[in-house]
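The file run-v6.pdb contains PDB, C-alpha atoms:
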```pdb
MODEL        1
ATOM      1  CA  MET A   1      -3.563  -4.093  16.432
ATOM      2  CA  ARG A   2      -4.186  -1.752  13.508
ATOM      3  CA  PRO A   3      -6.956   0.853  13.811
ATOM      4  CA  PRO A   4     -10.138  -0.115  11.967
ATOM      5  CA  VAL A   5     -11.700   1.287   8.853
ATOM      6  CA  LEU A   6     -14.767   3.269   9.940
ATOM      7  CA  ALA A   7     -17.904   3.660   7.826
ATOM      8  CA  GLY A   8     -20.894   5.844   8.608
ATOM      9  CA  ILE A   9     -24.311   4.378   7.754
ATOM     10  CA  ASP A  10     -27.740   5.990   7.894
ATOM     11  CA  GLY A  11     -29.947   3.869   5.641
ATOM     12  CA  SER A  12     -29.257   5.873   2.492
ATOM     13  CA  GLU A  13     -28.127   4.417  -0.835
ATOM     14  CA  CYS A  14     -24.905   6.407  -0.636
ATOM     15  CA  ALA A  15     -24.130   5.029   2.830
ATOM     16  CA  ALA A  16     -24.754   1.467   1.631
ATOM     17  CA  ALA A  17     -22.278   1.983  -1.201
ATOM     18  CA  ALA A  18     -19.799   3.523   1.260
ATOM     19  CA  ALA A  19     -20.101   0.554   3.633
ATOM     20  CA  GLU A  20     -19.412  -1.908   0.814
ATOM     21  CA  TRP A  21     -16.420   0.161  -0.353
ATOM     22  CA  ALA A  22     -15.147   0.274   3.242
ATOM     23  CA  ALA A  23     -15.499  -3.508   3.601
ATOM     24  CA  ARG A  24     -13.389  -4.146   0.512
ATOM     25  CA  GLU A  25     -10.796  -1.623   1.700
ATOM     26  CA  ALA A  26     -10.628  -3.095   5.217
ATOM     27  CA  ALA A  27     -10.095  -6.548   3.725
ATOM     28  CA  LEU A  28      -7.242  -5.213   1.578
ATOM     29  CA  ARG A  29      -5.647  -3.488   4.571
ATOM     30  CA  GLY A  30      -6.033  -6.549   6.810
ATOM     31  CA  THR A  31      -7.920  -4.647   9.478
ATOM     32  CA  ALA A  32     -11.400  -4.643  11.009
ATOM     33  CA  LEU A  33     -14.438  -2.724   9.797
ATOM     34  CA  ARG A  34     -16.442  -0.654  12.241
ATOM     35  CA  LEU A  35     -19.896   0.599  11.253
ATOM     36  CA  LEU A  36     -21.381   3.605  13.019
ATOM     37  CA  HIS A  37     -25.070   4.311  12.538
ATOM     38  CA  VAL A  38     -25.875   8.015  12.592
ATOM     39  CA  SER A  39     -29.408   9.381  12.330
ATOM     40  CA  PRO A  40     -30.209  12.763  10.774
ATOM     41  CA  GLN A  41     -31.083  15.437  13.305
ATOM     42  CA  LEU A  42     -34.800  15.961  13.711
ATOM     43  CA  ALA A  43     -36.419  19.377  13.494
ATOM     44  CA  GLY A  44     -37.555  21.155  16.617
ATOM     45  CA  PRO A  45     -36.018  21.766  20.045
ATOM     46  CA  THR A  46     -37.422  18.561  21.566
ATOM     47  CA  VAL A  47     -38.320  15.158  20.188
ATOM     48  CA  PRO A  48     -40.941  12.935  21.903
ATOM     49  CA  ASP A  49     -39.498   9.895  23.660
ATOM     50  CA  PRO A  50     -41.579   7.403  21.595
ATOM     51  CA  ALA A  51     -40.116   8.866  18.396
ATOM     52  CA  LEU A  52     -36.567   8.588  19.747
ATOM     53  CA  GLU A  53     -37.187   4.980  20.788
ATOM     54  CA  ARG A  54     -38.567   4.154  17.357
ATOM     55  CA  LEU A  55     -35.517   5.671  15.686
ATOM     56  CA  HIS A  56     -33.240   3.678  17.985
ATOM     57  CA  VAL A  57     -34.999   0.409  17.137
ATOM     58  CA  MET A  58     -34.869   1.145  13.397
ATOM     59  CA  GLY A  59     -31.197   2.035  13.673
ATOM     60  CA  ALA A  60     -30.391  -1.163  15.544
ATOM     61  CA  ARG A  61     -32.100  -3.221  12.838
ATOM     62  CA  LEU A  62     -30.185  -1.386  10.116
ATOM     63  CA  VAL A  63     -26.867  -2.024  11.870
ATOM     64  CA  GLN A  64     -27.679  -5.720  12.287
ATOM     65  CA  ARG A  65     -28.748  -6.134   8.645
ATOM     66  CA  THR A  66     -25.662  -4.325   7.380
ATOM     67  CA  VAL A  67     -23.270  -6.338   9.553
ATOM     68  CA  GLU A  68     -24.886  -9.602   8.445
ATOM     69  CA  SER A  69     -24.863  -8.600   4.775
ATOM     70  CA  LEU A  70     -21.218  -7.518   4.766
ATOM     71  CA  THR A  71     -20.128 -10.553   6.762
ATOM     72  CA  ALA A  72     -21.849 -12.831   4.251
ATOM     73  CA  ARG A  73     -19.989 -11.201   1.347
ATOM     74  CA  HIS A  74     -16.683 -10.870   3.240
ATOM     75  CA  PRO A  75     -16.565 -13.890   5.584
ATOM     76  CA  ASP A  76     -12.961 -13.305   6.672
ATOM     77  CA  LEU A  77     -13.600  -9.697   7.673
ATOM     78  CA  ASP A  78     -14.178  -8.678  11.301
ATOM     79  CA  VAL A  79     -17.274  -6.449  11.119
ATOM     80  CA  LYS A  80     -18.804  -4.707  14.133
ATOM     81  CA  GLY A  81     -21.559  -2.107  14.284
ATOM     82  CA  GLU A  82     -22.926   0.352  16.809
ATOM     83  CA  GLN A  83     -25.222   3.325  17.095
ATOM     84  CA  ALA A  84     -24.395   6.921  17.934
ATOM     85  CA  ASP A  85     -26.507   9.167  20.139
ATOM     86  CA  GLU A  86     -24.738  12.373  19.141
ATOM     87  CA  PRO A  87     -25.459  14.453  16.030
ATOM     88  CA  PRO A  88     -24.003  12.760  12.914
ATOM     89  CA  ALA A  89     -21.033  15.072  12.378
ATOM     90  CA  LEU A  90     -19.945  15.047  16.019
ATOM     91  CA  ALA A  91     -20.314  11.270  16.270
ATOM     92  CA  LEU A  92     -18.264  10.599  13.146
ATOM     93  CA  LEU A  93     -15.554  13.106  14.056
ATOM     94  CA  GLY A  94     -15.223  11.547  17.499
ATOM     95  CA  ALA A  95     -15.062   7.982  16.193
ATOM     96  CA  ALA A  96     -12.595   8.964  13.456
ATOM     97  CA  ARG A  97      -9.945   9.732  16.092
ATOM     98  CA  ALA A  98      -9.490   5.995  16.583
ATOM     99  CA  ALA A  99      -9.821   5.021  12.893
ATOM    100  CA  GLU A 100      -7.265   4.445  10.166
ATOM    101  CA  LEU A 101      -9.722   5.595   7.517
ATOM    102  CA  LEU A 102     -13.247   7.023   7.475
ATOM    103  CA  VAL A 103     -15.597   6.169   4.608
ATOM    104  CA  VAL A 104     -18.868   8.060   4.137
ATOM    105  CA  GLY A 105     -21.505   8.471   1.491
ATOM    106  CA  SER A 106     -21.386  11.732  -0.383
ATOM    107  CA  ARG A 107     -24.856  12.536   0.962
ATOM    108  CA  GLY A 108     -27.187  10.941   3.481
ATOM    109  CA  THR A 109     -30.881  10.477   4.039
ATOM    110  CA  GLY A 110     -31.320  14.195   4.626
ATOM    111  CA  GLY A 111     -30.158  15.082   1.108
ATOM    112  CA  PHE A 112     -32.323  15.567  -1.946
ATOM    113  CA  ARG A 113     -31.882  13.827  -5.292
ATOM    114  CA  ASP A 114     -29.740  16.472  -7.010
ATOM    115  CA  LEU A 115     -27.585  17.212  -3.962
ATOM    116  CA  VAL A 116     -24.028  16.112  -4.754
ATOM    117  CA  VAL A 117     -22.364  16.455  -1.345
ATOM    118  CA  GLY A 118     -24.257  16.744   1.927
ATOM    119  CA  SER A 119     -23.433  18.928   4.926
ATOM    120  CA  VAL A 120     -22.121  16.048   7.060
ATOM    121  CA  ALA A 121     -19.823  14.852   4.261
ATOM    122  CA  LEU A 122     -18.444  18.369   3.807
ATOM    123  CA  ARG A 123     -17.801  18.628   7.543
ATOM    124  CA  MET A 124     -15.863  15.355   7.431
ATOM    125  CA  ALA A 125     -13.827  16.602   4.471
ATOM    126  CA  ALA A 126     -12.885  19.772   6.324
ATOM    127  CA  ALA A 127     -12.308  18.515   9.844
ATOM    128  CA  ALA A 128     -11.793  14.728  10.135
ATOM    129  CA  PRO A 129      -8.481  13.807  11.802
ATOM    130  CA  CYS A 130      -7.881  10.840   9.461
ATOM    131  CA  PRO A 131      -8.166  10.335   5.686
ATOM    132  CA  VAL A 132     -11.780  10.343   4.467
ATOM    133  CA  VAL A 133     -13.125   8.600   1.377
ATOM    134  CA  PHE A 134     -16.368   9.871  -0.141
ATOM    135  CA  VAL A 135     -18.440   7.380  -2.120
ATOM    136  CA  SER A 136     -21.405   7.935  -4.407
ATOM    137  CA  PRO A 137     -23.280   4.917  -5.771
ATOM    138  CA  PRO A 138     -23.001   4.426  -9.535
ATOM    139  CA  ALA A 139     -26.163   4.362 -11.593
ATOM    140  CA  ASP A 140     -26.338   0.564 -11.553
ATOM    141  CA  THR A 141     -25.939   0.149  -7.780
ATOM    142  CA  SER A 142     -28.517  -2.075  -6.101
ATOM    143  CA  ASN A 143     -30.288  -0.984  -2.932
ATOM    144  CA  ASP A 144     -27.716  -2.670  -0.679
ATOM    145  CA  GLY A 145     -24.706  -1.072  -2.378
ATOM    146  CA  THR A 146     -23.441  -4.364  -3.789
ATOM    147  CA  SER A 147     -22.505  -3.230  -7.294
ATOM    148  CA  PRO A 148     -19.019  -4.361  -8.348
ATOM    149  CA  PRO A 149     -16.104  -1.905  -8.106
ATOM    150  CA  ARG A 150     -15.239   0.173 -11.159
ATOM    151  CA  GLY A 151     -12.166  -1.958 -11.770
ATOM    152  CA  THR A 152     -10.124   0.465 -13.893
ATOM    153  CA  GLY A 153      -7.070  -0.434 -11.813
ATOM    154  CA  GLN A 154      -5.905   3.177 -11.547
ATOM    155  CA  ILE A 155      -5.527   5.585  -8.648
ATOM    156  CA  VAL A 156      -5.016   9.294  -9.278
ATOM    157  CA  LEU A 157      -3.001  11.513  -6.942
ATOM    158  CA  GLY A 158      -3.164  15.274  -7.102
ATOM    159  CA  PHE A 159       0.337  16.533  -6.295
ATOM    160  CA  ASP A 160       2.228  19.823  -6.145
ATOM    161  CA  ALA A 161       6.005  19.441  -6.390
ATOM    162  CA  HIS A 162       6.435  23.053  -5.263
ATOM    163  CA  ARG A 163       4.699  22.257  -1.948
ATOM    164  CA  PRO A 164       4.928  18.464  -1.629
ATOM    165  CA  ALA A 165       2.570  16.983   0.974
ATOM    166  CA  GLY A 166       3.785  13.703   2.390
ATOM    167  CA  GLU A 167       0.578  12.288   3.848
ATOM    168  CA  PRO A 168      -1.527  12.296   0.625
ATOM    169  CA  ALA A 169       1.386  10.913  -1.405
ATOM    170  CA  ASP A 170       2.029   8.132   1.103
ATOM    171  CA  PHE A 171      -1.692   7.289   1.218
ATOM    172  CA  ALA A 172      -1.892   7.068  -2.578
ATOM    173  CA  PHE A 173       1.253   4.960  -2.975
ATOM    174  CA  ARG A 174       0.248   2.638  -0.118
ATOM    175  CA  THR A 175      -3.255   2.209  -1.521
ATOM    176  CA  ALA A 176      -1.897   1.502  -4.994
ATOM    177  CA  GLU A 177       0.480  -1.079  -3.539
ATOM    178  CA  ALA A 178      -2.318  -2.851  -1.619
ATOM    179  CA  ARG A 179      -4.502  -3.009  -4.731
ATOM    180  CA  ALA A 180      -1.690  -3.743  -7.184
ATOM    181  CA  ALA A 181      -3.052  -0.713  -9.031
ATOM    182  CA  ARG A 182      -1.427   1.818 -11.328
ATOM    183  CA  LEU A 183      -0.775   5.225  -9.819
ATOM    184  CA  TYR A 184      -1.243   8.301 -11.990
ATOM    185  CA  VAL A 185       0.283  11.420 -10.428
ATOM    186  CA  VAL A 186      -1.153  14.653 -11.805
ATOM    187  CA  GLN A 187       0.384  18.082 -11.358
ATOM    188  CA  ALA A 188      -1.258  21.201 -12.709
ATOM    189  CA  TRP A 189       0.907  24.168 -13.605
ATOM    190  CA  ALA A 190       0.546  27.689 -14.913
ATOM    191  CA  LEU A 191       2.715  29.937 -17.041
ATOM    192  CA  PRO A 192       5.043  32.176 -15.012
ATOM    193  CA  ALA A 193       3.521  35.523 -14.147
ATOM    194  CA  GLU A 194       6.107  37.423 -16.176
ATOM    195  CA  SER A 195       5.084  35.547 -19.339
ATOM    196  CA  VAL A 196       1.650  37.179 -19.334
ATOM    197  CA  SER A 197       2.667  40.718 -18.431
ATOM    198  CA  PRO A 198       1.258  43.659 -20.431
ATOM    199  CA  ARG A 199       4.584  43.873 -22.297
ATOM    200  CA  THR A 200       4.427  40.242 -23.451
ATOM    201  CA  PHE A 201       1.828  39.311 -26.054
ATOM    202  CA  VAL A 202       3.071  35.943 -27.270
ATOM    203  CA  VAL A 203       4.420  32.912 -25.420
ATOM    204  CA  THR A 204       6.744  31.023 -27.725
ATOM    205  CA  GLU A 205       6.605  27.231 -27.984
ATOM    206  CA  GLU A 206      10.253  27.144 -26.961
ATOM    207  CA  ASP A 207       9.569  29.011 -23.724
ATOM    208  CA  ARG A 208       6.518  26.896 -22.992
ATOM    209  CA  ALA A 209       8.484  23.677 -23.530
ATOM    210  CA  THR A 210      11.277  24.904 -21.256
ATOM    211  CA  TRP A 211       8.868  25.711 -18.432
ATOM    212  CA  GLU A 212       7.070  22.394 -18.864
ATOM    213  CA  ASP A 213      10.374  20.485 -18.741
ATOM    214  CA  GLN A 214      11.164  22.233 -15.471
ATOM    215  CA  GLU A 215       7.809  21.127 -14.049
ATOM    216  CA  VAL A 216       8.419  17.534 -15.166
ATOM    217  CA  LEU A 217      11.872  17.437 -13.569
ATOM    218  CA  GLY A 218      10.601  19.036 -10.368
ATOM    219  CA  LEU A 219       7.792  16.497 -10.105
ATOM    220  CA  SER A 220      10.164  13.592 -10.693
ATOM    221  CA  ASP A 221      12.546  14.825  -7.989
ATOM    222  CA  ALA A 222       9.744  15.431  -5.477
ATOM    223  CA  LEU A 223       8.304  11.923  -5.939
ATOM    224  CA  ARG A 224      11.645  10.117  -5.529
ATOM    225  CA  PRO A 225      11.190   9.322  -1.788
ATOM    226  CA  TRP A 226       7.897   7.525  -2.426
ATOM    227  CA  ARG A 227       9.143   5.688  -5.507
ATOM    228  CA  GLU A 228      11.992   4.344  -3.360
ATOM    229  CA  LYS A 229       9.673   3.479  -0.468
ATOM    230  CA  TYR A 230       7.169   1.680  -2.741
ATOM    231  CA  PRO A 231       9.306   0.193  -5.541
ATOM    232  CA  GLY A 232       6.540  -2.158  -6.658
ATOM    233  CA  VAL A 233       4.080   0.632  -7.490
ATOM    234  CA  ARG A 234       3.797   1.508 -11.172
ATOM    235  CA  ALA A 235       3.640   5.297 -11.032
ATOM    236  CA  ALA A 236       3.192   7.466 -14.106
ATOM    237  CA  THR A 237       3.269  11.267 -13.997
ATOM    238  CA  ASP A 238       1.673  14.044 -15.992
ATOM    239  CA  VAL A 239       1.944  17.818 -15.829
ATOM    240  CA  MET A 240      -1.030  19.699 -17.207
ATOM    241  CA  LEU A 241      -1.278  23.348 -18.176
ATOM    242  CA  LEU A 242      -4.706  23.578 -16.543
ATOM    243  CA  HIS A 243      -6.370  24.691 -13.345
ATOM    244  CA  ALA A 244      -5.713  21.994 -10.725
ATOM    245  CA  ALA A 245      -9.400  21.142 -10.288
ATOM    246  CA  GLU A 246      -9.938  20.756 -14.035
ATOM    247  CA  ALA A 247      -6.856  18.557 -14.401
ATOM    248  CA  LEU A 248      -7.971  16.255 -11.585
ATOM    249  CA  LEU A 249     -11.570  16.054 -12.752
ATOM    250  CA  ASN A 250     -10.393  15.033 -16.215
ATOM    251  CA  ALA A 251      -8.191  12.330 -14.681
ATOM    252  CA  SER A 252     -11.000  11.056 -12.436
ATOM    253  CA  ARG A 253     -12.932   9.724 -15.433
ATOM    254  CA  ASP A 254     -10.613   6.711 -15.653
ATOM    255  CA  ALA A 255      -9.898   6.194 -11.953
ATOM    256  CA  ASP A 256     -11.021   3.951  -9.118
ATOM    257  CA  LEU A 257      -9.985   6.572  -6.579
ATOM    258  CA  LEU A 258      -8.851  10.204  -6.630
ATOM    259  CA  VAL A 259      -6.561  11.320  -3.780
ATOM    260  CA  VAL A 260      -6.203  14.968  -2.774
ATOM    261  CA  GLY A 261      -4.756  16.688   0.271
ATOM    262  CA  ARG A 262      -6.255  19.029   2.845
ATOM    263  CA  HIS A 263      -3.971  21.372   4.724
ATOM    264  CA  THR A 264      -4.663  21.339   8.449
ATOM    265  CA  ASP A 265      -4.619  24.700  10.177
ATOM    266  CA  PRO A 266      -4.457  24.841  13.999
ATOM    267  CA  ARG A 267      -6.042  28.288  13.809
ATOM    268  CA  ALA A 268      -9.188  26.785  12.263
ATOM    269  CA  PRO A 269     -10.559  24.213  14.768
ATOM    270  CA  GLU A 270     -13.563  23.543  12.538
ATOM    271  CA  GLY A 271     -11.263  22.748   9.646
ATOM    272  CA  ARG A 272     -10.967  24.214   6.174
ATOM    273  CA  LEU A 273     -11.483  22.742   2.750
ATOM    274  CA  GLY A 274      -9.563  24.271  -0.131
ATOM    275  CA  PRO A 275     -11.175  25.156  -3.466
ATOM    276  CA  VAL A 276      -9.596  22.250  -5.361
ATOM    277  CA  ALA A 277     -10.745  19.633  -2.847
ATOM    278  CA  HIS A 278     -14.178  21.270  -2.753
ATOM    279  CA  ALA A 279     -14.459  21.123  -6.553
ATOM    280  CA  VAL A 280     -13.441  17.479  -6.897
ATOM    281  CA  LEU A 281     -15.820  16.402  -4.128
ATOM    282  CA  HIS A 282     -18.708  17.877  -6.093
ATOM    283  CA  HIS A 283     -17.722  16.809  -9.600
ATOM    284  CA  ALA A 284     -15.315  13.821  -9.576
ATOM    285  CA  ARG A 285     -16.370  10.698 -11.496
ATOM    286  CA  CYS A 286     -15.010   8.289  -8.844
ATOM    287  CA  PRO A 287     -14.634   8.013  -5.051
ATOM    288  CA  VAL A 288     -12.485  10.792  -3.580
ATOM    289  CA  ALA A 289     -10.017  10.489  -0.689
ATOM    290  CA  VAL A 290      -9.240  13.684   1.213
ATOM    291  CA  VAL A 291      -6.064  13.269   3.262
ATOM    292  CA  PRO A 292      -5.147  15.831   5.955
ATOM    293  CA  HIS A 293      -1.550  17.013   6.082
ATOM    294  CA  GLY A 294       0.536  19.593   7.899
ATOM    295  CA  ALA A 295       2.513  22.447   6.427
TER     296      ALA A 295
ENDMDL
END
```

Before anything else, please render the file you have as structure tokens.
Amino acid sequence: MRPPVLAGIDGSECAAAAAEWAAREAALRGTALRLLHVSPQLAGPTVPDPALERLHVMGARLVQRTVESLTARHPDLDVKGEQADEPPALALLGAARAAELLVVGSRGTGGFRDLVVGSVALRMAAAAPCPVVFVSPPADTSNDGTSPPRGTGQIVLGFDAHRPAGEPADFAFRTAEARAARLYVVQAWALPAESVSPRTFVVTEEDRATWEDQEVLGLSDALRPWREKYPGVRAATDVMLLHAAEALLNASRDADLLVVGRHTDPRAPEGRLGPVAHAVLHHARCPVAVVPHGA
């Protein structure tokens, strides 16, 4: 049996949108949806028992309402919900070990209006053992997160042919195949260091074109294994003479999902999030998938 898609819920608008996104994704993947209710940590060293009991009752009601709502909209989907007693980040990280995919809202009930990405979401991005999708509700989302998907039919993958990462590429191709979506593979590049030395004042168009052609060929060669593995995926490529974050943010304007990688480092048990992934989480115009990968 395939691992489930896991969604964290806490009563926030972002979490409602994330749960709906997770339900659609679980249906596409043919797997179950597991909802985990996590409550924000309360201030102070101790919390009175009546307050804890009240929070538990409210959480149980939220789980029940969410399960019923998602089941009504996705009657063929196996939806189960439960509550967590641990702090939100620890609970989600623990549950993610048995999940195929974790979906969270970009911020929870503890965030303020102008906060783009909350602390729990950032922790998931840096340390979750499975791919994580971060969802923010669009402006026209209703209170239960039931707004329709963007429907552009395009998934964007950030890729580096010089250091190809298999897990993010496989995730993007597999997701595009399941959705019958177009895949747009973006690679950012920079002029060689010697072209901007103090002795060189002008980069000729001929040199620039030669370097760009090399990037295009390198990208095509690096993607060949996934094109052969997923022959039905329509994959277009683009190399951009831009900073990687800027190139991906531009591409996210016309995307249903932006996929980026996160290098896992055994020397950093708490996880690390690179500057490009950090930038797109804060500024992308669509949901973002952060996929962990090895060296």

Exercise for the section: Would you mind telling me which residue in A:Glu167, A:Glu205, A:Glu68, A:Glu20 lies nearest to Val103 of chain A when using all atoms listed in the file? Expected result: A:Glu20

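With all atoms listed in the file taken into account, the protein and nucleic acid residues at most 12 Å from Gly218 of chain A (excluding it and anything under 2 positions from it in its own chain) are Phe159, Asp160, Ala161, His162, Arg163, Pro164, Gln187, Trp189, Trp211, Glu212, Asp213, Gln214, Glu215, Val216, Ser220, Asp221, Ala222, Leu223, Arg224, Thr237, Asp238 and Val239 of chain A.
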
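Counting only C-alpha atoms, the residue from A:Val291, A:Ala60, A:Ala172, A:Ala235 that sits nearest to His263 of chain A is A:Val291.
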
Quick one: axis-aligned box around all listed atoms of segment 89-96 of chain A, 6 Å on every side, centre and edge lengths in Å to one decimal, written as JSON.
```
{"center_x": -16.8, "center_y": 11.5, "center_z": 14.9, "size_x": 20.4, "size_y": 19.1, "size_z": 17.1}
```

Exercise for the section: Please provide the set of residues having any atom within 6 Å of Ala7 of chain A, restricted to only C-alpha atoms, with same-chain residues fewer than 4 positions apart removed, written as a VMD selection string. Expected result: chain A and resid 19 35 102 to 104

Exercise for the section: Tell me which of A:Arg179, A:Arg61, A:His293, A:Arg267 sits closest to Gln83 of chain A, counting all atoms listed in the file. Expected result: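 Distance minimum relative to Gln83 of chain A lands on A:Arg61.
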
Practice task
Return as a VMD selection string the set of residues that the PyMOL selection byres ((chain A and resi 168) around 12) yields on the displayed structure.
Solution key: chain A and resid 130 to 132 156 to 160 164 to 167 169 to 175 185 223 226 258 to 263 288 to 294

Exercise for the section: Using atom CA of Ala15 of chain A and atom CA of Gly105 of chain A as the two end points, give the distance in Å to one decimal. Expected result: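 It comes out at 4.5 Å.
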
Exercise for the section: Kindly indicate which residue among A:Gly94, A:Pro4, A:Pro50, A:Gly30 lies nearest to Gly81 of chain A, using only C-alpha atoms for the distances. Expected result: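 Smallest separation from Gly81 of chain A among the options: A:Pro4.
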
Practice task
Name all residues at most 7 Å from Pro88 of chain A (count all atoms listed in the file; drop same-chain ones fewer than 4 positions away) and give them as a PyMOL selection string.
Solution key: chain A and resi 38-40+92+120

Problem - Separation of atom CA of Asp265 of chain A from atom CA of Ala96 of chain A, in Å and rounded to one decimal - result: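 A separation of 17.9 Å between them.
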
Practice task
Translate the PyMOL selection byres ((chain A and resi 70-74) around 12), as applied to the file shown, into an explicit residue set as an NGL selection string.
Solution key: :A and (16-28 or 32-35 or 63-69 or 75-81 or 144-146 or 148)

Just say which residues the PyMOL selection byres ((chain A and resi 121) around 8) picks in this file, as an mmCIF file with C-alpha atoms, in the frame of the given file.
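Resulting contents of selection18.cif:
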```cif
data_model
loop_
_atom_site.group_PDB
_atom_site.id
_atom_site.type_symbol
_atom_site.label_atom_id
_atom_site.label_comp_id
_atom_site.auth_asym_id
_atom_site.auth_seq_id
_atom_site.Cartn_x
_atom_site.Cartn_y
_atom_site.Cartn_z
ATOM 1 C CA VAL A 104 -18.868 8.060 4.137
ATOM 2 C CA GLY A 105 -21.505 8.471 1.491
ATOM 3 C CA SER A 106 -21.386 11.732 -0.383
ATOM 4 C CA ARG A 107 -24.856 12.536 0.962
ATOM 5 C CA VAL A 117 -22.364 16.455 -1.345
ATOM 6 C CA GLY A 118 -24.257 16.744 1.927
ATOM 7 C CA SER A 119 -23.433 18.928 4.926
ATOM 8 C CA VAL A 120 -22.121 16.048 7.060
ATOM 9 C CA LEU A 122 -18.444 18.369 3.807
ATOM 10 C CA ARG A 123 -17.801 18.628 7.543
ATOM 11 C CA MET A 124 -15.863 15.355 7.431
ATOM 12 C CA ALA A 125 -13.827 16.602 4.471
ATOM 13 C CA PHE A 134 -16.368 9.871 -0.141
#
```

Practice task
Can you work out which one of A:Asp49, A:Asp254, A:Glu13, A:Asp207 has the shortest atom-to-atom distance to Thr152 of chain A, counting only C-alpha atoms?
Solution key: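 For Thr152 of chain A, the nearest of the given residues is A:Asp254.
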